[in-house]
>>> print(open('upload_4.pdb').read())   # PDB, C-alpha atoms, pLDDT in the B column
ATOM      1  CA  MET A   1     116.179 132.366 114.328  1.00 49.00           C
ATOM      2  CA  ARG A   2     113.119 131.306 116.245  1.00 71.00           C
ATOM      3  CA  LYS A   3     111.106 133.930 118.127  1.00 87.00           C
ATOM      4  CA  ILE A   4     111.183 132.035 121.404  1.00 88.00           C
ATOM      5  CA  ARG A   5     112.410 134.885 123.576  1.00 89.00           C
ATOM      6  CA  GLU A   6     109.638 137.154 122.252  1.00 91.00           C
ATOM      7  CA  ILE A   7     106.988 134.466 122.808  1.00 92.00           C
ATOM      8  CA  LEU A   8     108.098 134.016 126.416  1.00 91.00           C
ATOM      9  CA  ARG A   9     108.187 137.795 127.000  1.00 91.00           C
ATOM     10  CA  LEU A  10     104.691 138.325 125.593  1.00 92.00           C
ATOM     11  CA  ARG A  11     103.300 135.445 127.627  1.00 93.00           C
ATOM     12  CA  TYR A  12     104.927 136.038 131.016  1.00 91.00           C
ATOM     13  CA  GLU A  13     105.584 139.780 131.027  1.00 91.00           C
ATOM     14  CA  LEU A  14     102.457 141.015 129.269  1.00 92.00           C
ATOM     15  CA  GLY A  15     100.165 138.055 129.970  1.00 92.00           C
ATOM     16  CA  LEU A  16      98.899 137.786 126.375  1.00 93.00           C
ATOM     17  CA  SER A  17      96.885 134.813 125.180  1.00 95.00           C
ATOM     18  CA  LYS A  18      98.330 132.299 122.731  1.00 94.00           C
ATOM     19  CA  PRO A  19      96.291 133.634 119.768  1.00 95.00           C
ATOM     20  CA  SER A  20      97.457 137.188 120.551  1.00 94.00           C
ATOM     21  CA  ILE A  21     101.080 136.049 120.757  1.00 93.00           C
ATOM     22  CA  ALA A  22     100.692 134.136 117.491  1.00 93.00           C
ATOM     23  CA  ALA A  23      99.353 137.233 115.743  1.00 94.00           C
ATOM     24  CA  ALA A  24     102.074 139.480 117.174  1.00 93.00           C
ATOM     25  CA  CYS A  25     104.880 137.087 116.181  1.00 92.00           C
ATOM     26  CA  GLN A  26     103.267 136.043 112.890  1.00 92.00           C
ATOM     27  CA  LEU A  27     103.261 132.387 113.903  1.00 92.00           C
ATOM     28  CA  GLY A  28     100.645 129.701 114.209  1.00 93.00           C
ATOM     29  CA  VAL A  29      98.871 129.226 117.534  1.00 93.00           C
ATOM     30  CA  SER A  30     100.058 125.607 117.645  1.00 94.00           C
ATOM     31  CA  THR A  31     103.678 126.756 117.220  1.00 92.00           C
ATOM     32  CA  VAL A  32     103.316 129.185 120.119  1.00 93.00           C
ATOM     33  CA  HIS A  33     101.712 126.424 122.198  1.00 93.00           C
ATOM     34  CA  ARG A  34     104.573 123.986 121.463  1.00 92.00           C
ATOM     35  CA  HIS A  35     107.229 126.598 122.325  1.00 92.00           C
ATOM     36  CA  LEU A  36     105.535 127.363 125.634  1.00 92.00           C
ATOM     37  CA  LEU A  37     105.278 123.643 126.449  1.00 91.00           C
ATOM     38  CA  ARG A  38     108.975 123.192 125.711  1.00 90.00           C
ATOM     39  CA  ALA A  39     109.837 126.135 127.973  1.00 89.00           C
ATOM     40  CA  GLU A  40     107.742 124.626 130.775  1.00 90.00           C
ATOM     41  CA  ALA A  41     109.368 121.217 130.325  1.00 88.00           C
ATOM     42  CA  ALA A  42     112.822 122.834 130.472  1.00 87.00           C
ATOM     43  CA  GLY A  43     111.865 124.616 133.723  1.00 87.00           C
ATOM     44  CA  LEU A  44     112.430 128.127 132.365  1.00 87.00           C
ATOM     45  CA  GLU A  45     111.074 131.102 134.275  1.00 85.00           C
ATOM     46  CA  TRP A  46     110.656 134.711 133.246  1.00 87.00           C
ATOM     47  CA  PRO A  47     112.821 136.751 133.152  1.00 87.00           C
ATOM     48  CA  LEU A  48     115.373 134.476 131.555  1.00 86.00           C
ATOM     49  CA  PRO A  49     118.870 134.377 133.044  1.00 85.00           C
ATOM     50  CA  GLU A  50     121.159 136.969 131.453  1.00 84.00           C
ATOM     51  CA  GLU A  51     123.827 134.404 130.569  1.00 85.00           C
ATOM     52  CA  LEU A  52     121.297 132.491 128.418  1.00 85.00           C
ATOM     53  CA  ASP A  53     121.837 133.747 124.860  1.00 86.00           C
ATOM     54  CA  ASP A  54     119.660 132.800 121.867  1.00 83.00           C
ATOM     55  CA  HIS A  55     121.793 129.817 120.835  1.00 83.00           C
ATOM     56  CA  ALA A  56     121.898 128.393 124.363  1.00 85.00           C
ATOM     57  CA  LEU A  57     118.132 128.898 124.685  1.00 86.00           C
ATOM     58  CA  GLU A  58     117.533 127.059 121.430  1.00 85.00           C
ATOM     59  CA  ARG A  59     119.828 124.194 122.435  1.00 84.00           C
ATOM     60  CA  LEU A  60     118.021 123.951 125.767  1.00 86.00           C
ATOM     61  CA  LEU A  61     114.540 123.813 124.246  1.00 85.00           C
ATOM     62  CA  PHE A  62     115.260 121.848 121.067  1.00 82.00           C
ATOM     63  CA  ALA A  63     117.948 119.397 122.117  1.00 76.00           C
ATOM     64  CA  ARG A  64     117.602 116.102 120.318  1.00 65.00           C
ATOM     65  CA  ARG A  65     117.181 113.171 122.605  1.00 54.00           C
ATOM     66  CA  ALA A  66     118.730 109.852 121.678  1.00 45.00           C
ATOM     67  CA  SER A  67     115.289 108.236 121.810  1.00 47.00           C
ATOM     68  CA  GLU A  68     113.906 110.745 119.287  1.00 49.00           C
ATOM     69  CA  SER A  69     116.542 110.098 116.647  1.00 51.00           C
ATOM     70  CA  LYS A  70     115.328 107.665 114.057  1.00 63.00           C
ATOM     71  CA  ASP A  71     117.321 104.533 113.467  1.00 70.00           C
ATOM     72  CA  ILE A  72     118.731 104.578 109.975  1.00 80.00           C
ATOM     73  CA  PRO A  73     118.288 101.189 108.338  1.00 84.00           C
ATOM     74  CA  PRO A  74     121.470  99.458 107.224  1.00 86.00           C
ATOM     75  CA  GLU A  75     122.263  99.891 103.544  1.00 88.00           C
ATOM     76  CA  PRO A  76     122.288  96.829 101.347  1.00 91.00           C
ATOM     77  CA  ASP A  77     125.280  96.217  99.096  1.00 91.00           C
ATOM     78  CA  TRP A  78     123.943  98.177  96.113  1.00 90.00           C
ATOM     79  CA  GLY A  79     126.652  96.855  93.812  1.00 89.00           C
ATOM     80  CA  GLN A  80     125.601  93.289  94.576  1.00 92.00           C
ATOM     81  CA  VAL A  81     121.924  94.225  94.129  1.00 92.00           C
ATOM     82  CA  ALA A  82     122.687  95.751  90.710  1.00 89.00           C
ATOM     83  CA  ARG A  83     124.633  92.624  89.658  1.00 90.00           C
ATOM     84  CA  GLU A  84     121.803  90.357  90.812  1.00 92.00           C
ATOM     85  CA  LEU A  85     119.306  92.342  88.740  1.00 89.00           C
ATOM     86  CA  THR A  86     121.206  91.468  85.560  1.00 87.00           C
ATOM     87  CA  ARG A  87     120.521  87.760  86.116  1.00 87.00           C
ATOM     88  CA  LYS A  88     117.603  86.233  84.250  1.00 85.00           C
ATOM     89  CA  GLY A  89     114.386  85.988  86.284  1.00 84.00           C
ATOM     90  CA  VAL A  90     115.555  88.165  89.201  1.00 89.00           C
ATOM     91  CA  THR A  91     113.211  91.001  90.205  1.00 91.00           C
ATOM     92  CA  ARG A  92     113.582  93.973  92.483  1.00 93.00           C
ATOM     93  CA  HIS A  93     110.835  92.594  94.677  1.00 94.00           C
ATOM     94  CA  GLN A  94     112.718  89.322  95.194  1.00 94.00           C
ATOM     95  CA  LEU A  95     115.874  91.210  96.109  1.00 94.00           C
ATOM     96  CA  TRP A  96     113.933  93.431  98.486  1.00 94.00           C
ATOM     97  CA  LEU A  97     112.380  90.361 100.187  1.00 95.00           C
ATOM     98  CA  GLU A  98     115.849  88.869 100.670  1.00 94.00           C
ATOM     99  CA  TYR A  99     117.064  92.183 102.089  1.00 94.00           C
ATOM    100  CA  ARG A 100     114.129  92.335 104.517  1.00 93.00           C
ATOM    101  CA  GLU A 101     114.845  88.768 105.689  1.00 94.00           C
ATOM    102  CA  GLN A 102     118.322  89.911 106.697  1.00 92.00           C
ATOM    103  CA  GLU A 103     117.182  93.339 107.975  1.00 90.00           C
ATOM    104  CA  PRO A 104     113.592  93.178 109.328  1.00 88.00           C
ATOM    105  CA  LYS A 105     113.615  96.915 110.105  1.00 87.00           C
ATOM    106  CA  GLY A 106     115.131  97.785 106.732  1.00 90.00           C
ATOM    107  CA  TYR A 107     113.834 100.029 103.970  1.00 92.00           C
ATOM    108  CA  SER A 108     110.300  99.769 102.638  1.00 93.00           C
ATOM    109  CA  TYR A 109     109.951  98.494  99.082  1.00 94.00           C
ATOM    110  CA  SER A 110     109.418 101.968  97.628  1.00 94.00           C
ATOM    111  CA  ALA A 111     112.444 103.392  99.493  1.00 93.00           C
ATOM    112  CA  PHE A 112     114.521 100.383  98.385  1.00 93.00           C
ATOM    113  CA  CYS A 113     113.619 101.024  94.719  1.00 92.00           C
ATOM    114  CA  MET A 114     114.241 104.772  95.028  1.00 91.00           C
ATOM    115  CA  LYS A 115     117.688 104.247  96.585  1.00 91.00           C
ATOM    116  CA  LEU A 116     118.521 101.644  93.948  1.00 91.00           C
ATOM    117  CA  ARG A 117     117.615 104.123  91.179  1.00 88.00           C
ATOM    118  CA  CYS A 118     119.871 106.709  92.853  1.00 87.00           C
ATOM    119  CA  TYR A 119     122.695 104.161  93.024  1.00 87.00           C
ATOM    120  CA  LEU A 120     122.292 103.273  89.361  1.00 85.00           C
ATOM    121  CA  GLY A 121     122.379 106.991  88.598  1.00 81.00           C
ATOM    122  CA  ARG A 122     119.842 106.998  85.852  1.00 65.00           C
ATOM    123  CA  GLU A 123     116.164 107.015  85.173  1.00 56.00           C
ATOM    124  CA  GLN A 124     114.369 104.163  83.506  1.00 57.00           C
ATOM    125  CA  PRO A 125     115.369 104.219  79.830  1.00 64.00           C
ATOM    126  CA  SER A 126     112.792 104.739  77.142  1.00 68.00           C
ATOM    127  CA  MET A 127     113.156 104.629  73.394  1.00 70.00           C
ATOM    128  CA  ALA A 128     110.601 106.427  71.250  1.00 76.00           C
ATOM    129  CA  GLN A 129     110.341 104.999  67.763  1.00 76.00           C
ATOM    130  CA  VAL A 130     108.449 106.440  64.831  1.00 80.00           C
ATOM    131  CA  HIS A 131     106.833 103.866  62.550  1.00 80.00           C
ATOM    132  CA  THR A 132     103.732 103.315  60.477  1.00 85.00           C
ATOM    133  CA  ALA A 133     101.071 101.325  62.302  1.00 85.00           C
ATOM    134  CA  GLY A 134     101.063  97.633  61.332  1.00 84.00           C
ATOM    135  CA  GLU A 135     104.380  97.911  59.485  1.00 85.00           C
ATOM    136  CA  ALA A 136     106.623  96.491  62.193  1.00 80.00           C
ATOM    137  CA  LEU A 137     106.388  94.562  65.439  1.00 76.00           C
ATOM    138  CA  TYR A 138     108.655  95.328  68.375  1.00 73.00           C
ATOM    139  CA  VAL A 139     109.010  92.884  71.245  1.00 73.00           C
ATOM    140  CA  ASP A 140     110.862  93.681  74.449  1.00 68.00           C
ATOM    141  CA  TYR A 141     110.500  90.921  77.000  1.00 67.00           C
ATOM    142  CA  ALA A 142     113.014  90.457  79.769  1.00 66.00           C
ATOM    143  CA  GLY A 143     111.385  87.630  81.735  1.00 70.00           C
ATOM    144  CA  MET A 144     111.568  83.883  81.422  1.00 74.00           C
ATOM    145  CA  THR A 145     110.643  82.666  77.944  1.00 77.00           C
ATOM    146  CA  LEU A 146     108.078  79.994  77.143  1.00 80.00           C
ATOM    147  CA  PRO A 147     108.904  77.082  74.909  1.00 84.00           C
ATOM    148  CA  ILE A 148     107.195  77.071  71.510  1.00 85.00           C
ATOM    149  CA  TYR A 149     106.183  73.744  69.963  1.00 90.00           C
ATOM    150  CA  ASP A 150     105.429  72.826  66.362  1.00 89.00           C
ATOM    151  CA  GLY A 151     101.737  71.928  66.128  1.00 90.00           C
ATOM    152  CA  GLU A 152     102.244  69.029  63.698  1.00 92.00           C
ATOM    153  CA  SER A 153     105.416  67.336  64.895  1.00 93.00           C
ATOM    154  CA  GLY A 154     105.290  68.356  68.571  1.00 91.00           C
ATOM    155  CA  ALA A 155     108.983  69.253  68.480  1.00 93.00           C
ATOM    156  CA  GLN A 156     110.189  72.295  70.346  1.00 91.00           C
ATOM    157  CA  ILE A 157     111.095  75.154  68.010  1.00 88.00           C
ATOM    158  CA  PRO A 158     114.459  76.728  68.875  1.00 83.00           C
ATOM    159  CA  GLN A 159     114.161  80.370  69.843  1.00 77.00           C
ATOM    160  CA  ARG A 160     116.216  82.857  67.855  1.00 72.00           C
ATOM    161  CA  PHE A 161     116.299  85.534  70.561  1.00 60.00           C
ATOM    162  CA  GLY A 162     117.385  85.712  74.189  1.00 49.00           C
TER     163      GLY A 162
END
>>> encode(input="upload_4.pdb", output="structure tokens")
Amino acid sequence: MRKIREILRLRYELGLSKPSIAAACQLGVSTVHRHLLRAEAAGLEWPLPEELDDHALERLLFARRASESKDIPPEPDWGQVARELTRKGVTRHQLWLEYREQEPKGYSYSAFCMKLRCYLGREQPSMAQVHTAGEALYVDYAGMTLPIYDGESGAQIPQRFG
């Protein structure tokens, strides 16, 4: 529970300074200052009315205003986003740009990626492999492939992967 009642008592009954109140309540001076400003804005006077208990006092001083509540951006259809990512050539950045076209005040790119990872329910996979250097070559490429041409005939060589 906040020490609001004690802060107000020390200030208005004993006339202590903000640093003295902060030391007595083991709070920061800025916290004491903010609590006193809130009490002033709420029009509270010392002594407090008897019917004002701690919960009512806290609701009075720390009531959330509708203007203070942050607008929560609309969620994209994460299932659709996950399906789109399986298509060849589709990137998270492209999907995020499409999302932001529809929702200009939507998630930032980093928040979009973080929420997508949470939806997928897993971390990025990794596969450690033990091998002798120069013995094997491993290729993992998920982007668009380039055509390979035979240098002598000029014919395109069919790719055996992908």
>>> axis_aligned_box(input="upload_4.pdb", around="region 38-51 of chain A", padding_each_side="4 Å", output="AutoDock Vina command-line options")
--center_x 115.8 --center_y 129.1 --center_z 130.0 --size_x 24.1 --size_y 23.8 --size_z 16.6
>>> closest_residue(input="upload_4.pdb", among="A:Tyr119, A:Tyr149, A:Trp46, A:Tyr109", to="Asp77 (chain A)", atoms="all atoms listed in the file")
A:Tyr119
>>> resolve_selection(input="upload_4.pdb", expression="the PyMOL selection byres ((chain A and resi 116-118) around 12)", output="list of chain:residue names")
A:Glu75, A:Pro76, A:Asp77, A:Trp78, A:Gly79, A:Gln80, A:Val81, A:Ala82, A:Arg83, A:Leu85, A:Arg92, A:His93, A:Leu95, A:Trp96, A:Tyr107, A:Tyr109, A:Ser110, A:Ala111, A:Phe112, A:Cys113, A:Met114, A:Lys115, A:Tyr119, A:Leu120, A:Gly121, A:Arg122, A:Glu123, A:Gln124, A:Pro125
>>> atom_distance(input="upload_4.pdb", atom1="CA of Ala56 (chain A)", atom2="CA of Ser30 (chain A)")
23.0 Å
>>> resolve_selection(input="upload_4.pdb", expression="the PyMOL selection byres ((chain A and resi 48-52) around 12)", output="PyMOL selection string")
chain A and resi 4-6+8-9+12-13+39+42-47+53-61
>>> closest_residue(input="upload_4.pdb", among="A:Gly106, A:Pro73, A:Lys88, A:Ala23", to="Thr145 (chain A)", atoms="all atoms listed in the file")
A:Lys88
>>> atom_distance(input="upload_4.pdb", atom1="CA of Ala136 (chain A)", atom2="CA of Gly89 (chain A)")
27.4 Å
>>> atom_distance(input="upload_4.pdb", atom1="CA of Val90 (chain A)", atom2="CA of Pro147 (chain A)")
19.3 Å
>>> closest_residue(input="upload_4.pdb", among="A:Gly143, A:Thr132, A:Pro74, A:Ile148", to="Gln102 (chain A)", atoms="all atoms listed in the file")
A:Pro74
>>> decode(input="upload_4.pdb", residues="region 3-147 of chain A", atoms="C-alpha atoms", output="PDB file, in the first residue's frame")
ATOM      1  CA  LYS A   3       2.267   5.770   2.047  1.00  0.00           C
ATOM      2  CA  ILE A   4       0.084   8.626   0.858  1.00  0.00           C
ATOM      3  CA  ARG A   5      -1.683   9.278   4.144  1.00  0.00           C
ATOM      4  CA  GLU A   6       1.670   9.497   5.960  1.00  0.00           C
ATOM      5  CA  ILE A   7       3.103  11.840   3.313  1.00  0.00           C
ATOM      6  CA  LEU A   8       0.119  14.170   3.654  1.00  0.00           C
ATOM      7  CA  ARG A   9       0.308  14.071   7.473  1.00  0.00           C
ATOM      8  CA  LEU A  10       4.027  14.879   7.536  1.00  0.00           C
ATOM      9  CA  ARG A  11       3.581  17.715   5.060  1.00  0.00           C
ATOM     10  CA  TYR A  12       0.458  19.426   6.403  1.00  0.00           C
ATOM     11  CA  GLU A  13       0.499  18.544  10.099  1.00  0.00           C
ATOM     12  CA  LEU A  14       4.221  18.759  10.799  1.00  0.00           C
ATOM     13  CA  GLY A  15       5.240  21.051   7.932  1.00  0.00           C
ATOM     14  CA  LEU A  16       8.233  18.920   6.883  1.00  0.00           C
ATOM     15  CA  SER A  17      10.079  19.526   3.635  1.00  0.00           C
ATOM     16  CA  LYS A  18       9.872  17.064   0.752  1.00  0.00           C
ATOM     17  CA  PRO A  19      13.394  15.669   1.361  1.00  0.00           C
ATOM     18  CA  SER A  20      12.560  15.140   5.053  1.00  0.00           C
ATOM     19  CA  ILE A  21       9.312  13.376   4.158  1.00  0.00           C
ATOM     20  CA  ALA A  22      11.149  11.229   1.609  1.00  0.00           C
ATOM     21  CA  ALA A  23      13.697  10.168   4.221  1.00  0.00           C
ATOM     22  CA  ALA A  24      11.031   9.445   6.841  1.00  0.00           C
ATOM     23  CA  CYS A  25       8.921   7.356   4.437  1.00  0.00           C
ATOM     24  CA  GLN A  26      11.908   5.777   2.674  1.00  0.00           C
ATOM     25  CA  LEU A  27      10.780   7.098  -0.699  1.00  0.00           C
ATOM     26  CA  GLY A  28      12.325   9.220  -3.393  1.00  0.00           C
ATOM     27  CA  VAL A  29      11.847  12.986  -3.275  1.00  0.00           C
ATOM     28  CA  SER A  30      10.253  12.888  -6.735  1.00  0.00           C
ATOM     29  CA  THR A  31       7.716  10.303  -5.518  1.00  0.00           C
ATOM     30  CA  VAL A  32       6.774  12.514  -2.575  1.00  0.00           C
ATOM     31  CA  HIS A  33       6.495  15.492  -4.936  1.00  0.00           C
ATOM     32  CA  ARG A  34       4.191  13.586  -7.329  1.00  0.00           C
ATOM     33  CA  HIS A  35       1.951  12.392  -4.469  1.00  0.00           C
ATOM     34  CA  LEU A  36       1.608  15.929  -3.137  1.00  0.00           C
ATOM     35  CA  LEU A  37       0.785  17.244  -6.624  1.00  0.00           C
ATOM     36  CA  ARG A  38      -1.890  14.581  -7.033  1.00  0.00           C
ATOM     37  CA  ALA A  39      -3.395  15.504  -3.657  1.00  0.00           C
ATOM     38  CA  GLU A  40      -3.481  19.175  -4.670  1.00  0.00           C
ATOM     39  CA  ALA A  41      -5.087  18.343  -8.016  1.00  0.00           C
ATOM     40  CA  ALA A  42      -7.735  16.250  -6.236  1.00  0.00           C
ATOM     41  CA  GLY A  43      -8.488  19.176  -3.884  1.00  0.00           C
ATOM     42  CA  LEU A  44      -7.647  17.275  -0.695  1.00  0.00           C
ATOM     43  CA  GLU A  45      -7.140  19.187   2.533  1.00  0.00           C
ATOM     44  CA  TRP A  46      -5.664  18.104   5.836  1.00  0.00           C
ATOM     45  CA  PRO A  47      -7.061  16.502   7.919  1.00  0.00           C
ATOM     46  CA  LEU A  48      -8.607  14.056   5.497  1.00  0.00           C
ATOM     47  CA  PRO A  49     -12.305  13.254   5.872  1.00  0.00           C
ATOM     48  CA  GLU A  50     -12.883  10.298   8.199  1.00  0.00           C
ATOM     49  CA  GLU A  51     -14.967   8.400   5.643  1.00  0.00           C
ATOM     50  CA  LEU A  52     -12.003   8.387   3.214  1.00  0.00           C
ATOM     51  CA  ASP A  53     -10.266   5.037   3.751  1.00  0.00           C
ATOM     52  CA  ASP A  54      -6.970   4.010   2.115  1.00  0.00           C
ATOM     53  CA  HIS A  55      -8.600   2.358  -0.906  1.00  0.00           C
ATOM     54  CA  ALA A  56     -10.872   5.336  -1.583  1.00  0.00           C
ATOM     55  CA  LEU A  57      -7.901   7.696  -1.209  1.00  0.00           C
ATOM     56  CA  GLU A  58      -5.885   5.670  -3.694  1.00  0.00           C
ATOM     57  CA  ARG A  59      -8.764   5.551  -6.181  1.00  0.00           C
ATOM     58  CA  LEU A  60      -9.183   9.310  -5.836  1.00  0.00           C
ATOM     59  CA  LEU A  61      -5.517  10.109  -6.448  1.00  0.00           C
ATOM     60  CA  PHE A  62      -4.640   7.402  -8.976  1.00  0.00           C
ATOM     61  CA  ALA A  63      -7.800   7.036 -11.030  1.00  0.00           C
ATOM     62  CA  ARG A  64      -7.029   6.237 -14.633  1.00  0.00           C
ATOM     63  CA  ARG A  65      -8.415   8.724 -17.060  1.00  0.00           C
ATOM     64  CA  ALA A  66      -9.679   7.540 -20.417  1.00  0.00           C
ATOM     65  CA  SER A  67      -7.197   9.850 -22.141  1.00  0.00           C
ATOM     66  CA  GLU A  68      -4.273   8.270 -20.262  1.00  0.00           C
ATOM     67  CA  SER A  69      -5.054   4.713 -21.298  1.00  0.00           C
ATOM     68  CA  LYS A  70      -3.000   3.659 -24.260  1.00  0.00           C
ATOM     69  CA  ASP A  71      -4.785   2.465 -27.345  1.00  0.00           C
ATOM     70  CA  ILE A  72      -3.984  -1.167 -27.936  1.00  0.00           C
ATOM     71  CA  PRO A  73      -3.239  -1.766 -31.602  1.00  0.00           C
ATOM     72  CA  PRO A  74      -5.484  -4.260 -33.365  1.00  0.00           C
ATOM     73  CA  GLU A  75      -4.014  -7.742 -33.643  1.00  0.00           C
ATOM     74  CA  PRO A  76      -3.287  -9.105 -37.081  1.00  0.00           C
ATOM     75  CA  ASP A  77      -4.569 -12.560 -37.986  1.00  0.00           C
ATOM     76  CA  TRP A  78      -1.513 -14.462 -36.735  1.00  0.00           C
ATOM     77  CA  GLY A  79      -2.647 -17.695 -38.360  1.00  0.00           C
ATOM     78  CA  GLN A  80      -2.771 -15.985 -41.746  1.00  0.00           C
ATOM     79  CA  VAL A  81       0.624 -14.355 -41.101  1.00  0.00           C
ATOM     80  CA  ALA A  82       2.143 -17.758 -40.260  1.00  0.00           C
ATOM     81  CA  ARG A  83       0.654 -19.299 -43.435  1.00  0.00           C
ATOM     82  CA  GLU A  84       1.968 -16.428 -45.559  1.00  0.00           C
ATOM     83  CA  LEU A  85       5.468 -16.931 -44.158  1.00  0.00           C
ATOM     84  CA  THR A  86       5.552 -20.468 -45.560  1.00  0.00           C
ATOM     85  CA  ARG A  87       5.225 -19.117 -49.109  1.00  0.00           C
ATOM     86  CA  LYS A  88       8.406 -18.730 -51.122  1.00  0.00           C
ATOM     87  CA  GLY A  89       9.860 -15.204 -51.110  1.00  0.00           C
ATOM     88  CA  VAL A  90       7.621 -13.826 -48.335  1.00  0.00           C
ATOM     89  CA  THR A  91       9.416 -12.054 -45.473  1.00  0.00           C
ATOM     90  CA  ARG A  92       8.307 -10.840 -42.088  1.00  0.00           C
ATOM     91  CA  HIS A  93       9.112  -7.301 -43.130  1.00  0.00           C
ATOM     92  CA  GLN A  94       6.779  -7.521 -46.135  1.00  0.00           C
ATOM     93  CA  LEU A  95       3.988  -8.861 -43.948  1.00  0.00           C
ATOM     94  CA  TRP A  96       4.594  -6.131 -41.391  1.00  0.00           C
ATOM     95  CA  LEU A  97       4.436  -3.445 -44.128  1.00  0.00           C
ATOM     96  CA  GLU A  98       1.104  -4.850 -45.320  1.00  0.00           C
ATOM     97  CA  TYR A  99      -0.162  -4.862 -41.733  1.00  0.00           C
ATOM     98  CA  ARG A 100       0.904  -1.235 -41.238  1.00  0.00           C
ATOM     99  CA  GLU A 101      -0.888  -0.214 -44.456  1.00  0.00           C
ATOM    100  CA  GLN A 102      -4.108  -1.561 -42.965  1.00  0.00           C
ATOM    101  CA  GLU A 103      -3.356  -0.345 -39.409  1.00  0.00           C
ATOM    102  CA  PRO A 104      -1.206   2.836 -39.470  1.00  0.00           C
ATOM    103  CA  LYS A 105      -1.075   2.936 -35.656  1.00  0.00           C
ATOM    104  CA  GLY A 106      -0.298  -0.774 -35.412  1.00  0.00           C
ATOM    105  CA  TYR A 107       2.648  -2.561 -33.836  1.00  0.00           C
ATOM    106  CA  SER A 108       6.232  -1.562 -34.533  1.00  0.00           C
ATOM    107  CA  TYR A 109       8.299  -4.051 -36.513  1.00  0.00           C
ATOM    108  CA  SER A 110      10.084  -5.392 -33.434  1.00  0.00           C
ATOM    109  CA  ALA A 111       6.799  -5.828 -31.517  1.00  0.00           C
ATOM    110  CA  PHE A 112       5.252  -7.505 -34.582  1.00  0.00           C
ATOM    111  CA  CYS A 113       8.130 -10.027 -34.738  1.00  0.00           C
ATOM    112  CA  MET A 114       8.033 -10.650 -30.979  1.00  0.00           C
ATOM    113  CA  LYS A 115       4.272 -11.309 -31.010  1.00  0.00           C
ATOM    114  CA  LEU A 116       4.656 -13.558 -34.047  1.00  0.00           C
ATOM    115  CA  ARG A 117       7.323 -15.606 -32.224  1.00  0.00           C
ATOM    116  CA  CYS A 118       4.953 -15.913 -29.246  1.00  0.00           C
ATOM    117  CA  TYR A 119       2.157 -17.052 -31.566  1.00  0.00           C
ATOM    118  CA  LEU A 120       4.387 -19.650 -33.192  1.00  0.00           C
ATOM    119  CA  GLY A 121       5.321 -20.824 -29.705  1.00  0.00           C
ATOM    120  CA  ARG A 122       8.921 -21.576 -30.376  1.00  0.00           C
ATOM    121  CA  GLU A 123      12.303 -20.006 -30.676  1.00  0.00           C
ATOM    122  CA  GLN A 124      14.251 -19.924 -33.891  1.00  0.00           C
ATOM    123  CA  PRO A 125      15.491 -23.470 -34.528  1.00  0.00           C
ATOM    124  CA  SER A 126      19.171 -24.222 -34.687  1.00  0.00           C
ATOM    125  CA  MET A 127      20.945 -27.437 -35.532  1.00  0.00           C
ATOM    126  CA  ALA A 128      24.503 -27.939 -34.332  1.00  0.00           C
ATOM    127  CA  GLN A 129      26.435 -30.403 -36.443  1.00  0.00           C
ATOM    128  CA  VAL A 130      29.835 -31.873 -35.718  1.00  0.00           C
ATOM    129  CA  HIS A 131      32.023 -32.427 -38.775  1.00  0.00           C
ATOM    130  CA  THR A 132      35.622 -32.235 -39.884  1.00  0.00           C
ATOM    131  CA  ALA A 133      36.467 -28.958 -41.594  1.00  0.00           C
ATOM    132  CA  GLY A 134      36.438 -29.229 -45.401  1.00  0.00           C
ATOM    133  CA  GLU A 135      34.805 -32.666 -45.339  1.00  0.00           C
ATOM    134  CA  ALA A 136      31.245 -31.583 -46.072  1.00  0.00           C
ATOM    135  CA  LEU A 137      29.329 -28.567 -47.317  1.00  0.00           C
ATOM    136  CA  TYR A 138      25.964 -27.613 -45.864  1.00  0.00           C
ATOM    137  CA  VAL A 139      23.696 -25.169 -47.659  1.00  0.00           C
ATOM    138  CA  ASP A 140      20.524 -23.764 -46.142  1.00  0.00           C
ATOM    139  CA  TYR A 141      18.969 -21.121 -48.346  1.00  0.00           C
ATOM    140  CA  ALA A 142      15.304 -20.275 -48.119  1.00  0.00           C
ATOM    141  CA  GLY A 143      15.098 -17.365 -50.567  1.00  0.00           C
ATOM    142  CA  MET A 144      14.540 -17.208 -54.287  1.00  0.00           C
ATOM    143  CA  THR A 145      17.042 -19.312 -56.224  1.00  0.00           C
ATOM    144  CA  LEU A 146      19.165 -18.112 -59.125  1.00  0.00           C
ATOM    145  CA  PRO A 147      19.281 -19.990 -62.384  1.00  0.00           C
TER     146      PRO A 147
END
